[in-house]
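Chemist: Below: one structure in structure tokens.
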Amino acid sequence: MTVDQVRDRCGRPGTTVIIKPVIDLNQDHERAGHDPSRYREQTALRDWTCVFPFCERPAHPVAVRRNSDGSLRESTDLDHIVPWRPGDLTSTDGLAHLCRRHHRLKTHDGWRYRSVAPGWYLWVSPHRFQFLRTPSGTTQLSEPVGRQLPDTGAGP
């Protein structure tokens, strides 16, 4: 955007200008306390969607869904990959977006994951299937132990 374009747009009646800092998606930010909402925009721009295997629910940087009372709510929850405890730091590298359904599966139904690089997550299902979730999609990495196909002896 040129200086003349900015001057033209700012000179129009009713124009509101919001100046925001540049977000470096490669820089980890952290602070004391439990305040993941402070990092919602940076992590949404990094993750784009819920990071559960094969999920494509968008991770919006601002609240976009409406509650029954008309108030806005986020489309995804911002999850602490490692459960937060009092005294811990909250950092962008330790947060990921999960839709509510998948956040509940992770919290209550035995799904586990860890970040292996910014935007890359290794998931393990309750049945020990492994999935790698990256910005380009999900790859199933393994069959769980004890679930391989039996050898029928009918092959080379």
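By convention in this document, the chains of the structure tokens carry letters A, B, ... by their order, each chain's residues are numbered from 1, and ligands are numbered from 1 in the order they are shown.
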Using only C-alpha atoms, which protein or nucleic acid residues come within 7 Å of region 129-143 of chain A? Drop anything in the same chain fewer than 3 positions from it, and give the result as a PyMOL selection string.

Modeler: chain A and resi 47+51+53-54+119-125+147-148

Chemist: Those same residues - C-alpha atoms - I'd like them written as a PDB file, in the first residue's frame.

Modeler:
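Output saved as selection18.pdb:
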ATOM      1  CA  ASP A  47      -2.099 -23.412  12.570  1.00  0.00           C
ATOM      2  CA  VAL A  51      -4.729 -29.457  14.599  1.00  0.00           C
ATOM      3  CA  PRO A  53      -5.792 -35.385  12.574  1.00  0.00           C
ATOM      4  CA  PHE A  54      -7.892 -34.752   9.453  1.00  0.00           C
ATOM      5  CA  GLY A 119       2.772 -26.085  13.251  1.00  0.00           C
ATOM      6  CA  TRP A 120       3.706 -29.817  13.244  1.00  0.00           C
ATOM      7  CA  TYR A 121       2.039 -32.196  15.727  1.00  0.00           C
ATOM      8  CA  LEU A 122       2.540 -35.892  16.450  1.00  0.00           C
ATOM      9  CA  TRP A 123      -0.719 -37.502  17.637  1.00  0.00           C
ATOM     10  CA  VAL A 124      -1.265 -40.909  19.259  1.00  0.00           C
ATOM     11  CA  SER A 125      -4.788 -42.344  19.446  1.00  0.00           C
ATOM     12  CA  ARG A 147      -3.003 -54.789  14.852  1.00  0.00           C
ATOM     13  CA  GLN A 148      -0.843 -55.762  11.846  1.00  0.00           C
TER      14      GLN A 148
END

Chemist: When you count only C-alpha atoms, which of these residues is closest to Arg128 (chain A): A:Ala96, A:Gly11, A:Val116, A:Gly110?

Modeler: A:Gly110

Chemist: Which residues come within 9 Å of Val82 (chain A), counting only C-alpha atoms, excluding same-chain residues fewer than 5 positions away, as a PyMOL selection string?

Modeler: chain A and resi 94-95+113-114

Chemist: May I have the selected residues written with all heavy atoms, as a PDB file, in the first residue's frame?

Modeler:
ATOM      1  N   GLY A  94       3.753 -23.687  23.020  1.00  0.00           N
ATOM      2  CA  GLY A  94       3.057 -24.668  23.842  1.00  0.00           C
ATOM      3  C   GLY A  94       1.550 -24.649  23.672  1.00  0.00           C
ATOM      4  O   GLY A  94       0.832 -25.297  24.430  1.00  0.00           O
ATOM      5  N   LEU A  95       1.050 -23.909  22.661  1.00  0.00           N
ATOM      6  CA  LEU A  95      -0.387 -23.791  22.417  1.00  0.00           C
ATOM      7  C   LEU A  95      -0.726 -24.271  21.015  1.00  0.00           C
ATOM      8  O   LEU A  95       0.084 -24.139  20.086  1.00  0.00           O
ATOM      9  CB  LEU A  95      -0.831 -22.331  22.543  1.00  0.00           C
ATOM     10  CG  LEU A  95      -0.648 -21.667  23.897  1.00  0.00           C
ATOM     11  CD1 LEU A  95      -0.906 -20.160  23.783  1.00  0.00           C
ATOM     12  CD2 LEU A  95      -1.579 -22.300  24.924  1.00  0.00           C
ATOM     13  N   TYR A 113      -0.894 -35.725  22.184  1.00  0.00           N
ATOM     14  CA  TYR A 113      -0.077 -35.162  21.109  1.00  0.00           C
ATOM     15  C   TYR A 113       1.037 -34.318  21.670  1.00  0.00           C
ATOM     16  O   TYR A 113       1.053 -33.963  22.847  1.00  0.00           O
ATOM     17  CB  TYR A 113      -0.930 -34.373  20.124  1.00  0.00           C
ATOM     18  CG  TYR A 113      -1.427 -33.003  20.561  1.00  0.00           C
ATOM     19  CD1 TYR A 113      -1.115 -31.878  19.818  1.00  0.00           C
ATOM     20  CD2 TYR A 113      -2.234 -32.833  21.686  1.00  0.00           C
ATOM     21  CE1 TYR A 113      -1.593 -30.629  20.170  1.00  0.00           C
ATOM     22  CE2 TYR A 113      -2.721 -31.596  22.041  1.00  0.00           C
ATOM     23  CZ  TYR A 113      -2.400 -30.495  21.280  1.00  0.00           C
ATOM     24  OH  TYR A 113      -2.868 -29.256  21.631  1.00  0.00           O
ATOM     25  N   ARG A 114       1.996 -34.033  20.796  1.00  0.00           N
ATOM     26  CA  ARG A 114       3.081 -33.133  21.147  1.00  0.00           C
ATOM     27  C   ARG A 114       3.494 -32.385  19.896  1.00  0.00           C
ATOM     28  O   ARG A 114       3.287 -32.850  18.775  1.00  0.00           O
ATOM     29  CB  ARG A 114       4.266 -33.871  21.766  1.00  0.00           C
ATOM     30  CG  ARG A 114       4.967 -34.831  20.854  1.00  0.00           C
ATOM     31  CD  ARG A 114       6.075 -35.594  21.601  1.00  0.00           C
ATOM     32  NE  ARG A 114       6.628 -36.646  20.784  1.00  0.00           N
ATOM     33  CZ  ARG A 114       7.715 -36.527  20.025  1.00  0.00           C
ATOM     34  NH1 ARG A 114       8.363 -35.379  19.964  1.00  0.00           N
ATOM     35  NH2 ARG A 114       8.147 -37.545  19.325  1.00  0.00           N
TER      36      ARG A 114
END

Chemist: What separation in Å, quoted to one decimal, exists between CA of Ser68 (chain A) and CA of Trp48 (chain A)?

Modeler: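 Value for the CA of Ser68 (chain A)-CA of Trp48 (chain A) distance: 25.5 Å.
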
Chemist: Could you check how far CA of His102 (chain A) sits from CA of Pro58 (chain A), in Å to one decimal?

Modeler: 13.0 Å

Chemist: Quick check for you: according to DSSP on this backbone, which residues of region 75-154 of chain A are classed as strand (DSSP E or B)? Reply as a PDB file with C-alpha atoms, in the first residue's frame.

Modeler:
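Written out: out07.pdb:
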ATOM      1  CA  ASP A  77     -10.227 -23.628  21.743  1.00  0.00           C
ATOM      2  CA  LEU A  78      -6.620 -22.684  22.373  1.00  0.00           C
ATOM      3  CA  ASP A  79      -5.146 -25.779  24.034  1.00  0.00           C
ATOM      4  CA  HIS A  80      -2.067 -26.053  26.233  1.00  0.00           C
ATOM      5  CA  LEU A  89       4.674 -19.987  31.547  1.00  0.00           C
ATOM      6  CA  THR A  90       2.238 -19.776  28.651  1.00  0.00           C
ATOM      7  CA  SER A  91       4.037 -19.696  25.301  1.00  0.00           C
ATOM      8  CA  LEU A  95      -0.387 -23.791  22.417  1.00  0.00           C
ATOM      9  CA  ALA A  96      -2.418 -25.243  19.547  1.00  0.00           C
ATOM     10  CA  HIS A  97      -5.937 -24.817  18.184  1.00  0.00           C
ATOM     11  CA  LEU A  98      -8.478 -27.605  18.719  1.00  0.00           C
ATOM     12  CA  ARG A 112      -2.282 -37.428  23.173  1.00  0.00           C
ATOM     13  CA  TYR A 113      -0.077 -35.162  21.109  1.00  0.00           C
ATOM     14  CA  ARG A 114       3.081 -33.133  21.147  1.00  0.00           C
ATOM     15  CA  SER A 115       4.566 -30.429  18.987  1.00  0.00           C
ATOM     16  CA  VAL A 116       7.567 -31.587  16.959  1.00  0.00           C
ATOM     17  CA  ALA A 117       8.098 -28.202  15.214  1.00  0.00           C
ATOM     18  CA  TRP A 120       3.706 -29.817  13.244  1.00  0.00           C
ATOM     19  CA  TYR A 121       2.039 -32.196  15.727  1.00  0.00           C
ATOM     20  CA  LEU A 122       2.540 -35.892  16.450  1.00  0.00           C
ATOM     21  CA  TRP A 123      -0.719 -37.502  17.637  1.00  0.00           C
ATOM     22  CA  VAL A 124      -1.265 -40.909  19.259  1.00  0.00           C
ATOM     23  CA  GLN A 130       0.161 -42.432  15.175  1.00  0.00           C
ATOM     24  CA  PHE A 131      -0.605 -39.431  12.988  1.00  0.00           C
ATOM     25  CA  LEU A 132       1.570 -36.511  11.903  1.00  0.00           C
ATOM     26  CA  ARG A 133      -0.420 -33.305  11.464  1.00  0.00           C
ATOM     27  CA  THR A 134       1.398 -30.618   9.424  1.00  0.00           C
ATOM     28  CA  GLY A 137      -2.485 -32.176   6.147  1.00  0.00           C
ATOM     29  CA  THR A 138      -2.397 -35.435   8.092  1.00  0.00           C
ATOM     30  CA  THR A 139      -0.351 -38.581   7.505  1.00  0.00           C
ATOM     31  CA  GLN A 140      -0.972 -41.845   9.339  1.00  0.00           C
ATOM     32  CA  LEU A 141       2.472 -43.022  10.425  1.00  0.00           C
ATOM     33  CA  SER A 142       1.854 -46.463  11.870  1.00  0.00           C
TER      34      SER A 142
END

Chemist: In Å, rounded to a single decimal, give me how far CA of Pro118 (chain A) is from CA of Asp93 (chain A).

Modeler: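 These two atoms are separated by 6.6 Å.
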
Chemist: Which residue gives the smallest distance to Ala44 (chain A) among A:Arg101, A:Asp4, A:His108, A:Thr92, with only C-alpha atoms counted?

Modeler: A:Thr92
